[in-house]
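**Student:** Dropping in entry-v3.pdb, with PDB, C-alpha atoms.
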ATOM      1  CA  MET A  28      93.985 110.046  79.177
ATOM      2  CA  ALA A  29      91.622 108.713  81.847
ATOM      3  CA  ASN A  30      94.333 106.351  83.041
ATOM      4  CA  ALA A  31      96.810 109.177  83.662
ATOM      5  CA  PRO A  32      95.006 112.139  85.249
ATOM      6  CA  THR A  33      96.618 115.468  85.907
ATOM      7  CA  VAL A  34      96.435 117.456  89.140
ATOM      8  CA  ARG A  35      93.773 119.686  87.618
ATOM      9  CA  SER A  36      91.571 116.726  86.673
ATOM     10  CA  ILE A  37      91.360 115.422  90.244
ATOM     11  CA  THR A  38      88.325 116.606  92.203
ATOM     12  CA  LEU A  39      88.703 116.732  95.970
ATOM     13  CA  GLY A  40      86.000 117.026  98.577
ATOM     14  CA  ASN A  41      85.965 119.360 101.564
ATOM     15  CA  ARG A  42      87.690 116.838 103.804
ATOM     16  CA  PRO A  43      91.237 115.776 104.717
ATOM     17  CA  LEU A  44      93.638 114.679 101.980
ATOM     18  CA  ILE A  45      96.042 111.747 102.110
ATOM     19  CA  VAL A  46      98.687 111.642  99.378
ATOM     20  CA  SER A  47     100.639 108.403  99.266
ATOM     21  CA  ASP A  48     103.563 107.005  97.360
ATOM     22  CA  ILE A  49     103.098 103.490  95.968
ATOM     23  CA  ASP A  50     106.334 101.514  95.583
ATOM     24  CA  ASP A  51     107.401  99.979  98.902
ATOM     25  CA  VAL A  52     104.521 101.817 100.576
ATOM     26  CA  VAL A  53     101.219 100.611  99.092
ATOM     27  CA  LEU A  54     102.704  97.932  96.852
ATOM     28  CA  GLU A  55     105.658  95.692  97.608
ATOM     29  CA  PHE A  56     108.617  96.716  95.468
ATOM     30  CA  ILE A  57     111.927  95.239  96.628
ATOM     31  CA  ASN A  58     110.909  91.577  96.754
ATOM     32  CA  PRO A  59     108.979  91.681  93.457
ATOM     33  CA  PHE A  60     111.879  93.535  91.813
ATOM     34  CA  LYS A  61     114.282  90.897  93.106
ATOM     35  CA  ALA A  62     112.110  88.184  91.583
ATOM     36  CA  PHE A  63     112.004  90.081  88.285
ATOM     37  CA  LEU A  64     115.789  90.522  88.293
ATOM     38  CA  GLY A  65     116.269  86.832  88.995
ATOM     39  CA  SER A  66     114.172  85.980  85.953
ATOM     40  CA  CYS A  67     116.630  87.860  83.730
ATOM     41  CA  GLY A  68     119.923  86.800  85.304
ATOM     42  CA  HIS A  69     120.514  89.469  87.940
ATOM     43  CA  VAL A  70     120.439  89.822  91.710
ATOM     44  CA  LEU A  71     119.878  92.832  94.007
ATOM     45  CA  LEU A  72     122.207  93.018  97.000
ATOM     46  CA  PRO A  73     121.339  95.143 100.080
ATOM     47  CA  ARG A  74     124.626  97.042 100.323
ATOM     48  CA  SER A  75     123.423 100.648 100.157
ATOM     49  CA  PHE A  76     120.128 102.528  99.821
ATOM     50  CA  ARG A  77     120.138 102.691  96.021
ATOM     51  CA  LEU A  78     119.750 100.454  92.982
ATOM     52  CA  THR A  79     122.770 101.461  90.887
ATOM     53  CA  GLY A  80     125.816  99.559  92.095
ATOM     54  CA  ASN A  81     123.743  96.950  93.914
ATOM     55  CA  ILE A  82     122.314  95.059  90.936
ATOM     56  CA  ILE A  83     124.738  92.283  90.016
ATOM     57  CA  THR A  84     124.854  90.049  86.944
ATOM     58  CA  HIS A  85     124.862  86.366  87.876
ATOM     59  CA  ALA A  86     127.177  85.415  85.028
ATOM     60  CA  ASP A  87     130.161  87.590  86.007
ATOM     61  CA  GLU A  88     129.074  89.004  89.417
ATOM     62  CA  GLN A  89     129.727  92.531  88.152
ATOM     63  CA  PRO A  90     127.528  95.538  89.010
ATOM     64  CA  VAL A  91     125.142  96.619  86.291
ATOM     65  CA  ALA A  92     125.857 100.116  84.924
ATOM     66  CA  GLU A  93     123.317 102.888  85.482
ATOM     67  CA  PRO A  94     121.960 102.920  81.871
ATOM     68  CA  GLU A  95     121.136  99.205  82.119
ATOM     69  CA  VAL A  96     119.601  99.705  85.567
ATOM     70  CA  LYS A  97     117.181 102.163  83.972
ATOM     71  CA  ILE A  98     116.377  99.655  81.227
ATOM     72  CA  LEU A  99     115.709  96.934  83.792
ATOM     73  CA  LEU A 100     113.537  99.223  85.907
ATOM     74  CA  ASP A 101     111.576 100.290  82.840
ATOM     75  CA  ALA A 102     110.992  96.646  81.897
ATOM     76  CA  PHE A 103     109.855  95.886  85.435
ATOM     77  CA  TYR A 104     107.343  98.725  85.444
ATOM     78  CA  GLY A 105     106.076  97.586  82.050
ATOM     79  CA  SER A 106     105.240  94.188  83.541
ATOM     80  CA  GLN A 107     104.549  95.234  87.146
ATOM     81  CA  ASP A 108     101.142  93.559  87.098
ATOM     82  CA  ARG A 109     102.945  90.201  86.960
ATOM     83  CA  TRP A 110     105.117  90.904  89.997
ATOM     84  CA  GLN A 111     103.790  93.452  92.475
ATOM     85  CA  THR A 112     101.451  92.694  95.388
ATOM     86  CA  PRO A 113      99.938  94.910  98.108
ATOM     87  CA  ALA A 114     101.924  95.771 101.212
ATOM     88  CA  ALA A 115     100.559  94.193 104.389
ATOM     89  CA  SER A 116      97.255  95.780 105.525
ATOM     90  CA  ALA A 117      97.457  98.502 102.843
ATOM     91  CA  VAL A 118      94.213  97.695 101.024
ATOM     92  CA  GLU A 119      91.964  97.443 104.067
ATOM     93  CA  THR A 120      93.580 100.377 105.877
ATOM     94  CA  LEU A 121      93.187 102.717 102.916
ATOM     95  CA  ALA A 122      89.604 101.566 102.394
ATOM     96  CA  ALA A 123      88.799 102.515 105.998
ATOM     97  CA  LEU A 124      90.618 105.852 105.732
ATOM     98  CA  SER A 125      88.785 106.664 102.480
ATOM     99  CA  GLU A 126      85.557 106.944 104.490
ATOM    100  CA  GLU A 127      86.879 110.090 106.156
ATOM    101  CA  ALA A 128      89.498 111.465 103.726
ATOM    102  CA  ASP A 129      90.296 111.812 100.052
ATOM    103  CA  ILE A 130      93.196 109.623  98.912
ATOM    104  CA  VAL A 131      95.489 110.304  95.956
ATOM    105  CA  PHE A 132      98.435 108.177  94.849
ATOM    106  CA  LEU A 133     101.570 110.014  93.723
ATOM    107  CA  THR A 134     104.141 107.639  92.268
ATOM    108  CA  ALA A 135     107.654 108.454  91.046
ATOM    109  CA  MET A 136     107.347 106.345  87.924
ATOM    110  CA  PRO A 137     107.624 107.110  84.192
ATOM    111  CA  PRO A 138     104.125 108.256  83.134
ATOM    112  CA  GLN A 139     104.072 105.840  80.193
ATOM    113  CA  HIS A 140     103.533 103.006  82.663
ATOM    114  CA  ALA A 141     100.578 104.672  84.400
ATOM    115  CA  ALA A 142      97.981 102.612  82.506
ATOM    116  CA  VAL A 143      99.541  99.316  83.640
ATOM    117  CA  ARG A 144      99.702 100.561  87.224
ATOM    118  CA  ARG A 145      96.127 101.867  87.091
ATOM    119  CA  ALA A 146      94.863  98.461  85.972
ATOM    120  CA  LEU A 147      96.853  96.716  88.711
ATOM    121  CA  LEU A 148      95.604  99.070  91.436
ATOM    122  CA  ASP A 149      91.999  98.610  90.329
ATOM    123  CA  GLN A 150      92.431  94.834  90.309
ATOM    124  CA  LEU A 151      93.759  94.954  93.871
ATOM    125  CA  GLY A 152      90.926  97.100  95.221
ATOM    126  CA  LEU A 153      92.876 100.377  95.285
ATOM    127  CA  PRO A 154      90.688 102.663  93.131
ATOM    128  CA  TYR A 155      92.100 106.023  94.254
ATOM    129  CA  PRO A 156      93.299 108.615  91.707
ATOM    130  CA  LEU A 157      96.835 108.074  90.426
ATOM    131  CA  LEU A 158      99.436 110.670  89.465
ATOM    132  CA  ALA A 159     102.638 109.341  87.876
ATOM    133  CA  SER A 160     105.519 111.808  87.636
ATOM    134  CA  GLU A 161     109.297 111.900  87.886
ATOM    135  CA  GLU A 162     109.196 115.561  88.949
ATOM    136  CA  PRO A 163     109.767 116.641  92.586
ATOM    137  CA  LYS A 164     106.758 115.740  94.693
ATOM    138  CA  GLY A 165     106.535 118.903  96.794
ATOM    139  CA  PRO A 166     105.219 121.226  94.067
ATOM    140  CA  ILE A 167     102.747 118.542  92.929
ATOM    141  CA  VAL A 168     101.294 118.109  96.416
ATOM    142  CA  GLN A 169     101.191 121.897  96.911
ATOM    143  CA  LYS A 170      99.244 122.321  93.678
ATOM    144  CA  LEU A 171      96.937 119.416  94.490
ATOM    145  CA  HIS A 172      96.083 120.649  98.000
ATOM    146  CA  GLY A 173      95.954 124.302  96.990
ATOM    147  CA  GLY A 174      95.167 126.842  99.681
ATOM    148  CA  ARG A 175      92.713 124.604 101.517
ATOM    149  CA  THR A 176      92.769 124.457 105.322
ATOM    150  CA  VAL A 177      91.720 120.812 105.721
ATOM    151  CA  PRO A 178      94.372 118.413 107.099
ATOM    152  CA  LEU A 179      97.010 117.052 104.721
ATOM    153  CA  VAL A 180      99.060 113.861 105.089
ATOM    154  CA  PHE A 181     101.890 112.693 102.846
ATOM    155  CA  ILE A 182     103.271 109.133 103.011
ATOM    156  CA  ASP A 183     106.513 108.059 101.328
ATOM    157  CA  ASP A 184     109.537 105.820 101.841
ATOM    158  CA  MET A 185     112.113 108.306 100.516
ATOM    159  CA  LEU A 186     113.504 111.137 102.639
ATOM    160  CA  ARG A 187     114.013 113.456  99.665
ATOM    161  CA  ASN A 188     110.307 113.234  98.776
ATOM    162  CA  LEU A 189     109.212 113.848 102.363
ATOM    163  CA  ARG A 190     111.483 116.885 102.562
ATOM    164  CA  SER A 191     110.201 118.189  99.226
ATOM    165  CA  VAL A 192     106.591 118.042 100.384
ATOM    166  CA  LYS A 193     107.432 119.556 103.781
ATOM    167  CA  ASP A 194     109.086 122.494 102.017
ATOM    168  CA  HIS A 195     106.066 123.159  99.789
ATOM    169  CA  ALA A 196     103.249 122.213 102.163
ATOM    170  CA  PRO A 197     104.431 122.996 105.723
ATOM    171  CA  SER A 198     101.097 122.098 107.348
ATOM    172  CA  CYS A 199     101.410 118.529 106.072
ATOM    173  CA  LEU A 200     101.990 115.541 108.362
ATOM    174  CA  PRO A 201     104.920 113.717 106.670
ATOM    175  CA  ILE A 202     104.938 109.973 107.342
ATOM    176  CA  ASN A 203     107.785 107.622 106.490
ATOM    177  CA  LEU A 204     106.582 104.100 105.721
ATOM    178  CA  MET A 205     108.691 101.451 104.010
ATOM    179  CA  ALA A 206     107.436  97.951 103.412
ATOM    180  CA  ASP A 207     110.833  96.301 103.017
ATOM    181  CA  SER A 208     112.921  96.014 106.202
ATOM    182  CA  GLU A 209     116.092  94.743 104.481
ATOM    183  CA  PHE A 210     116.760  98.081 102.786
ATOM    184  CA  LYS A 211     115.081 100.180 105.476
ATOM    185  CA  ALA A 212     118.110  99.648 107.710
ATOM    186  CA  LEU A 213     120.247 101.322 105.024
ATOM    187  CA  ALA A 214     118.011 104.378 104.606
ATOM    188  CA  PRO A 215     119.246 107.832 105.641
ATOM    189  CA  LYS A 216     118.290 109.099 109.096
ATOM    190  CA  LEU A 217     114.955 110.873 109.131
ATOM    191  CA  ASP A 218     114.436 114.496 110.126
ATOM    192  CA  ALA A 219     113.006 114.969 113.602
ATOM    193  CA  ASP A 220     109.674 116.284 112.308
ATOM    194  CA  ILE A 221     108.986 113.272 110.060
ATOM    195  CA  ARG A 222     106.805 110.603 111.649
ATOM    196  CA  ALA A 223     108.224 107.098 111.133
ATOM    197  CA  VAL A 224     105.777 104.186 111.253
ATOM    198  CA  ALA A 225     106.358 100.452 110.960
ATOM    199  CA  ASP A 226     103.192  99.482 109.103
ATOM    200  CA  TRP A 227      99.809 100.628 107.812
ATOM    201  CA  PRO A 228      97.892 100.190 111.096
ATOM    202  CA  GLU A 229     100.416 102.465 112.829
ATOM    203  CA  ALA A 230     100.163 104.919 109.941
ATOM    204  CA  ALA A 231      96.368 104.973 110.265
ATOM    205  CA  ALA A 232      96.595 105.783 113.981
ATOM    206  CA  ALA A 233      98.969 108.691 113.279
ATOM    207  CA  ILE A 234      96.753 109.958 110.470
ATOM    208  CA  ARG A 235      93.590 109.921 112.554
ATOM    209  CA  ALA A 236      95.368 111.674 115.414
ATOM    210  CA  HIS A 237      96.446 114.395 112.960
ATOM    211  CA  PHE A 238      92.876 114.772 111.717
ATOM    212  CA  ARG A 239      91.662 115.379 115.282
ATOM    213  CA  ARG A 240      94.175 118.146 116.003
TER     214      ARG A 240
END
Give the structure from the file, written as structure tokens.

**Tutor:**
Amino acid sequence: MANAPTVRSITLGNRPLIVSDIDDVVLEFINPFKAFLGSCGHVLLPRSFRLTGNIITHADEQPVAEPEVKILLDAFYGSQDRWQTPAASAVETLAALSEEADIVFLTAMPPQHAAVRRALLDQLGLPYPLLASEEPKGPIVQKLHGGRTVPLVFIDDMLRNLRSVKDHAPSCLPINLMADSEFKALAPKLDADIRAVADWPEAAAAIRAHFRR
């Protein structure tokens, strides 16, 4: 399907590559998900860096079990175009970076929702290729970048994904960027070799510095 390309279908130029996560990086996730949960009688509480155990039912104030969390998340992704908006400065920063690097989105989302996400990204002025997979990100980035010697940058909000890409693409600059500060305080401590940035302008400065190395 054109809306759900594979690694092999993506053509890269002979220039640096930026691979970026989407949820809570390029698109707001926590606040839109909270609004979605509120519309169906639930609330998300910032008690730990996970969803299961922190989604509460308004009616009885009990945590929602993991199977229902997955159902809620699936419903959210199915209607994401009604809820999600760009993270601050993401659209204009990526547009500027696209003049000097290839950009690919790699989102940890069920592939069946890729068409909805593709339409939303296009509507928001984010036309870059999209890969949707629930597999570990390291092998995907390794396959995408191949044996090329041009600079590689990977941006994500989750430590496990940053570690996965570091393990499979050691030359990569791993950048931790999280749009939502409420849950960021609960995130695990980053490894020393992962660059933490507060926003997209700071990310762009780190990326361009890496390109000049």

**Student:** The PyMOL selection byres ((chain A and resi 34-51) around 6) on the file shown: which residues, as JSON, numbers by chain?

**Tutor:** {"A": [32, 33, 52, 53, 54, 55, 56, 128, 129, 130, 131, 132, 133, 134, 171, 177, 178, 179, 180, 181, 182, 183, 205, 206]}

**Student:** Between atom CA of Arg109 of chain A and atom CA of Lys164 of chain A, what is the spacing in Å?

**Tutor:**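 Between atom CA of Lys164 of chain A and atom CA of Arg109 of chain A the gap works out to 27.0 Å.
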
**Student:** Mind pulling up the distance from atom CA of Ala223 of chain A to atom CA of Asn203 of chain A?

**Tutor:** 4.7 Å

**Student:** Here is a test: counting all atoms listed in the file, which residue of A:Gly165, A:Pro201, A:Pro59, A:Gly174 is nearest to Gln107 of chain A?

**Tutor:**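 Counting all atoms listed in the file, the residue closest to Gln107 of chain A is A:Pro59.
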
**Student:** One decimal, in Å: what's the spacing between atom CA of Asp184 of chain A and atom CA of Thr84 of chain A?

**Tutor:**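 Result for atom CA of Asp184 of chain A versus atom CA of Thr84 of chain A: 26.6 Å, one decimal.
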
**Student:** Given the file shown, determine the residues that the PyMOL selection byres ((chain A and resi 162) around 10) selects; report them as an mmCIF file with C-alpha atoms, keeping the file's coordinate frame.

**Tutor:**
data_model
loop_
_atom_site.group_PDB
_atom_site.id
_atom_site.type_symbol
_atom_site.label_atom_id
_atom_site.label_comp_id
_atom_site.auth_asym_id
_atom_site.auth_seq_id
_atom_site.Cartn_x
_atom_site.Cartn_y
_atom_site.Cartn_z
ATOM 1 C CA THR A 134 104.141 107.639 92.268
ATOM 2 C CA ALA A 135 107.654 108.454 91.046
ATOM 3 C CA MET A 136 107.347 106.345 87.924
ATOM 4 C CA PRO A 137 107.624 107.110 84.192
ATOM 5 C CA ALA A 159 102.638 109.341 87.876
ATOM 6 C CA SER A 160 105.519 111.808 87.636
ATOM 7 C CA GLU A 161 109.297 111.900 87.886
ATOM 8 C CA PRO A 163 109.767 116.641 92.586
ATOM 9 C CA LYS A 164 106.758 115.740 94.693
ATOM 10 C CA GLY A 165 106.535 118.903 96.794
ATOM 11 C CA PRO A 166 105.219 121.226 94.067
ATOM 12 C CA ILE A 167 102.747 118.542 92.929
#

**Student:** My list of candidates is A:Leu186, A:Val91, A:Ala236, A:Cys67. Which is closest to Leu204 of chain A when distances are computed with all atoms listed in the file?

**Tutor:**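 Answer, going by the shortest atom-to-atom distance: A:Leu186.
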
**Student:** Between A:Ala233, A:Gly173, A:Asp149, A:Met185, which one has atoms that come closest to Lys211 of chain A, using all atoms listed in the file?

**Tutor:**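 Of A:Ala233, A:Gly173, A:Asp149, A:Met185, the one nearest Lys211 of chain A, counting all atoms listed in the file, is A:Met185.
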
**Student:** Apply the PyMOL selection byres ((chain A and resi 108) around 9) to the file shown and report the selected residues as a PyMOL selection string.

**Tutor:** chain A and resi 104-107+109-112+143-144+146-148

**Student:** My list of candidates is A:Val168, A:Glu119, A:Leu124, A:Arg222. Which is closest to Gly152 of chain A when distances are computed with only C-alpha atoms?

**Tutor:**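 Checking each of A:Val168, A:Glu119, A:Leu124, A:Arg222 against Gly152 of chain A, counting only C-alpha atoms, the winner is A:Glu119.
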
**Student:** Counting all atoms listed in the file, which residues have an atom no more than 12 Å from (125.1, 94.8, 98.6) in the file's coordinates? Please list them as a list in words.

**Tutor:**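 These residues have at least one counted atom within 12 Å: Val70, Leu71, Leu72, Pro73, Arg74, Ser75, Phe76, Arg77, Leu78, Thr79, Gly80, Asn81, Ile82, Ile83, Glu88, Gln89, Pro90, Glu209, Phe210 and Leu213 of chain A.
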
**Student:** Compile the contact shell of segment 226-230 of chain A as number ranges by chain: residues with an atom at most 7 Å away, counting all atoms listed in the file, same-chain residues fewer than 5 positions apart removed.

**Tutor:** A: 116-117, 120, 204

**Student:** Pick the closest to Ala231 of chain A from A:Ala86, A:Leu189, A:Val96, A:Leu121: which is it, counting only C-alpha atoms?

**Tutor:**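 Going through A:Ala86, A:Leu189, A:Val96, A:Leu121 one by one, the smallest distance to Ala231 of chain A is for A:Leu121.
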
**Student:** Restore N, CA, C and O atoms in segment 52-75 of chain A and list the result as a PDB file, keeping the file's coordinate frame.

**Tutor:**
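What ended up in out04.pdb:
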ATOM      1  N   VAL A  52     105.428 101.193  99.614  1.00  0.00           N
ATOM      2  CA  VAL A  52     104.521 101.817 100.576  1.00  0.00           C
ATOM      3  C   VAL A  52     103.154 101.132 100.488  1.00  0.00           C
ATOM      4  O   VAL A  52     102.695 100.504 101.433  1.00  0.00           O
ATOM      5  N   VAL A  53     102.512 101.262  99.338  1.00  0.00           N
ATOM      6  CA  VAL A  53     101.219 100.611  99.092  1.00  0.00           C
ATOM      7  C   VAL A  53     101.410  99.252  98.425  1.00  0.00           C
ATOM      8  O   VAL A  53     100.692  98.295  98.723  1.00  0.00           O
ATOM      9  N   LEU A  54     102.362  99.189  97.512  1.00  0.00           N
ATOM     10  CA  LEU A  54     102.704  97.932  96.852  1.00  0.00           C
ATOM     11  C   LEU A  54     104.112  97.501  97.240  1.00  0.00           C
ATOM     12  O   LEU A  54     105.004  98.345  97.379  1.00  0.00           O
ATOM     13  N   GLU A  55     104.312  96.218  97.428  1.00  0.00           N
ATOM     14  CA  GLU A  55     105.658  95.692  97.608  1.00  0.00           C
ATOM     15  C   GLU A  55     106.492  96.021  96.369  1.00  0.00           C
ATOM     16  O   GLU A  55     106.003  95.930  95.241  1.00  0.00           O
ATOM     17  N   PHE A  56     107.734  96.419  96.595  1.00  0.00           N
ATOM     18  CA  PHE A  56     108.617  96.716  95.468  1.00  0.00           C
ATOM     19  C   PHE A  56     109.893  95.873  95.490  1.00  0.00           C
ATOM     20  O   PHE A  56     110.236  95.226  94.494  1.00  0.00           O
ATOM     21  N   ILE A  57     110.612  95.879  96.605  1.00  0.00           N
ATOM     22  CA  ILE A  57     111.927  95.239  96.628  1.00  0.00           C
ATOM     23  C   ILE A  57     111.839  93.749  96.305  1.00  0.00           C
ATOM     24  O   ILE A  57     112.539  93.253  95.414  1.00  0.00           O
ATOM     25  N   ASN A  58     110.996  93.012  97.006  1.00  0.00           N
ATOM     26  CA  ASN A  58     110.909  91.577  96.754  1.00  0.00           C
ATOM     27  C   ASN A  58     110.411  91.242  95.344  1.00  0.00           C
ATOM     28  O   ASN A  58     110.969  90.364  94.682  1.00  0.00           O
ATOM     29  N   PRO A  59     109.365  91.921  94.842  1.00  0.00           N
ATOM     30  CA  PRO A  59     108.979  91.681  93.457  1.00  0.00           C
ATOM     31  C   PRO A  59     110.081  92.049  92.452  1.00  0.00           C
ATOM     32  O   PRO A  59     110.283  91.336  91.458  1.00  0.00           O
ATOM     33  N   PHE A  60     110.808  93.139  92.725  1.00  0.00           N
ATOM     34  CA  PHE A  60     111.879  93.535  91.813  1.00  0.00           C
ATOM     35  C   PHE A  60     113.010  92.512  91.839  1.00  0.00           C
ATOM     36  O   PHE A  60     113.609  92.202  90.812  1.00  0.00           O
ATOM     37  N   LYS A  61     113.287  91.965  93.015  1.00  0.00           N
ATOM     38  CA  LYS A  61     114.282  90.897  93.106  1.00  0.00           C
ATOM     39  C   LYS A  61     113.869  89.692  92.272  1.00  0.00           C
ATOM     40  O   LYS A  61     114.695  89.081  91.582  1.00  0.00           O
ATOM     41  N   ALA A  62     112.600  89.322  92.363  1.00  0.00           N
ATOM     42  CA  ALA A  62     112.110  88.184  91.583  1.00  0.00           C
ATOM     43  C   ALA A  62     112.215  88.466  90.088  1.00  0.00           C
ATOM     44  O   ALA A  62     112.622  87.590  89.305  1.00  0.00           O
ATOM     45  N   PHE A  63     111.871  89.693  89.696  1.00  0.00           N
ATOM     46  CA  PHE A  63     112.004  90.081  88.285  1.00  0.00           C
ATOM     47  C   PHE A  63     113.460  90.004  87.840  1.00  0.00           C
ATOM     48  O   PHE A  63     113.773  89.456  86.770  1.00  0.00           O
ATOM     49  N   LEU A  64     114.372  90.552  88.640  1.00  0.00           N
ATOM     50  CA  LEU A  64     115.789  90.522  88.293  1.00  0.00           C
ATOM     51  C   LEU A  64     116.292  89.082  88.166  1.00  0.00           C
ATOM     52  O   LEU A  64     117.064  88.755  87.250  1.00  0.00           O
ATOM     53  N   GLY A  65     115.859  88.228  89.067  1.00  0.00           N
ATOM     54  CA  GLY A  65     116.269  86.832  88.995  1.00  0.00           C
ATOM     55  C   GLY A  65     115.837  86.166  87.714  1.00  0.00           C
ATOM     56  O   GLY A  65     116.549  85.295  87.174  1.00  0.00           O
ATOM     57  N   SER A  66     114.679  86.577  87.187  1.00  0.00           N
ATOM     58  CA  SER A  66     114.172  85.980  85.953  1.00  0.00           C
ATOM     59  C   SER A  66     114.992  86.376  84.729  1.00  0.00           C
ATOM     60  O   SER A  66     114.883  85.749  83.676  1.00  0.00           O
ATOM     61  N   CYS A  67     115.812  87.431  84.868  1.00  0.00           N
ATOM     62  CA  CYS A  67     116.630  87.860  83.730  1.00  0.00           C
ATOM     63  C   CYS A  67     118.123  87.869  84.080  1.00  0.00           C
ATOM     64  O   CYS A  67     118.901  88.628  83.504  1.00  0.00           O
ATOM     65  N   GLY A  68     118.508  87.042  85.048  1.00  0.00           N
ATOM     66  CA  GLY A  68     119.923  86.800  85.304  1.00  0.00           C
ATOM     67  C   GLY A  68     120.641  87.803  86.168  1.00  0.00           C
ATOM     68  O   GLY A  68     121.861  87.945  86.071  1.00  0.00           O
ATOM     69  N   HIS A  69     119.904  88.478  87.063  1.00  0.00           N
ATOM     70  CA  HIS A  69     120.514  89.469  87.940  1.00  0.00           C
ATOM     71  C   HIS A  69     120.089  89.240  89.380  1.00  0.00           C
ATOM     72  O   HIS A  69     119.136  88.511  89.657  1.00  0.00           O
ATOM     73  N   VAL A  70     120.791  89.887  90.292  1.00  0.00           N
ATOM     74  CA  VAL A  70     120.439  89.822  91.710  1.00  0.00           C
ATOM     75  C   VAL A  70     120.636  91.202  92.324  1.00  0.00           C
ATOM     76  O   VAL A  70     121.527  91.957  91.917  1.00  0.00           O
ATOM     77  N   LEU A  71     119.770  91.558  93.290  1.00  0.00           N
ATOM     78  CA  LEU A  71     119.878  92.832  94.007  1.00  0.00           C
ATOM     79  C   LEU A  71     120.437  92.563  95.394  1.00  0.00           C
ATOM     80  O   LEU A  71     119.861  91.794  96.170  1.00  0.00           O
ATOM     81  N   LEU A  72     121.556  93.208  95.708  1.00  0.00           N
ATOM     82  CA  LEU A  72     122.207  93.018  97.000  1.00  0.00           C
ATOM     83  C   LEU A  72     121.963  94.240  97.885  1.00  0.00           C
ATOM     84  O   LEU A  72     122.123  95.380  97.441  1.00  0.00           O
ATOM     85  N   PRO A  73     121.601  94.033  99.158  1.00  0.00           N
ATOM     86  CA  PRO A  73     121.339  95.143 100.080  1.00  0.00           C
ATOM     87  C   PRO A  73     122.628  95.708 100.667  1.00  0.00           C
ATOM     88  O   PRO A  73     122.959  95.463 101.825  1.00  0.00           O
ATOM     89  N   ARG A  74     123.347  96.492  99.862  1.00  0.00           N
ATOM     90  CA  ARG A  74     124.626  97.042 100.323  1.00  0.00           C
ATOM     91  C   ARG A  74     124.564  98.543 100.580  1.00  0.00           C
ATOM     92  O   ARG A  74     125.375  99.076 101.337  1.00  0.00           O
ATOM     93  N   SER A  75     123.641  99.222  99.917  1.00  0.00           N
ATOM     94  CA  SER A  75     123.423 100.648 100.157  1.00  0.00           C
ATOM     95  C   SER A  75     122.004 100.964  99.711  1.00  0.00           C
ATOM     96  O   SER A  75     121.356 100.165  99.043  1.00  0.00           O
TER      97      SER A  75
END
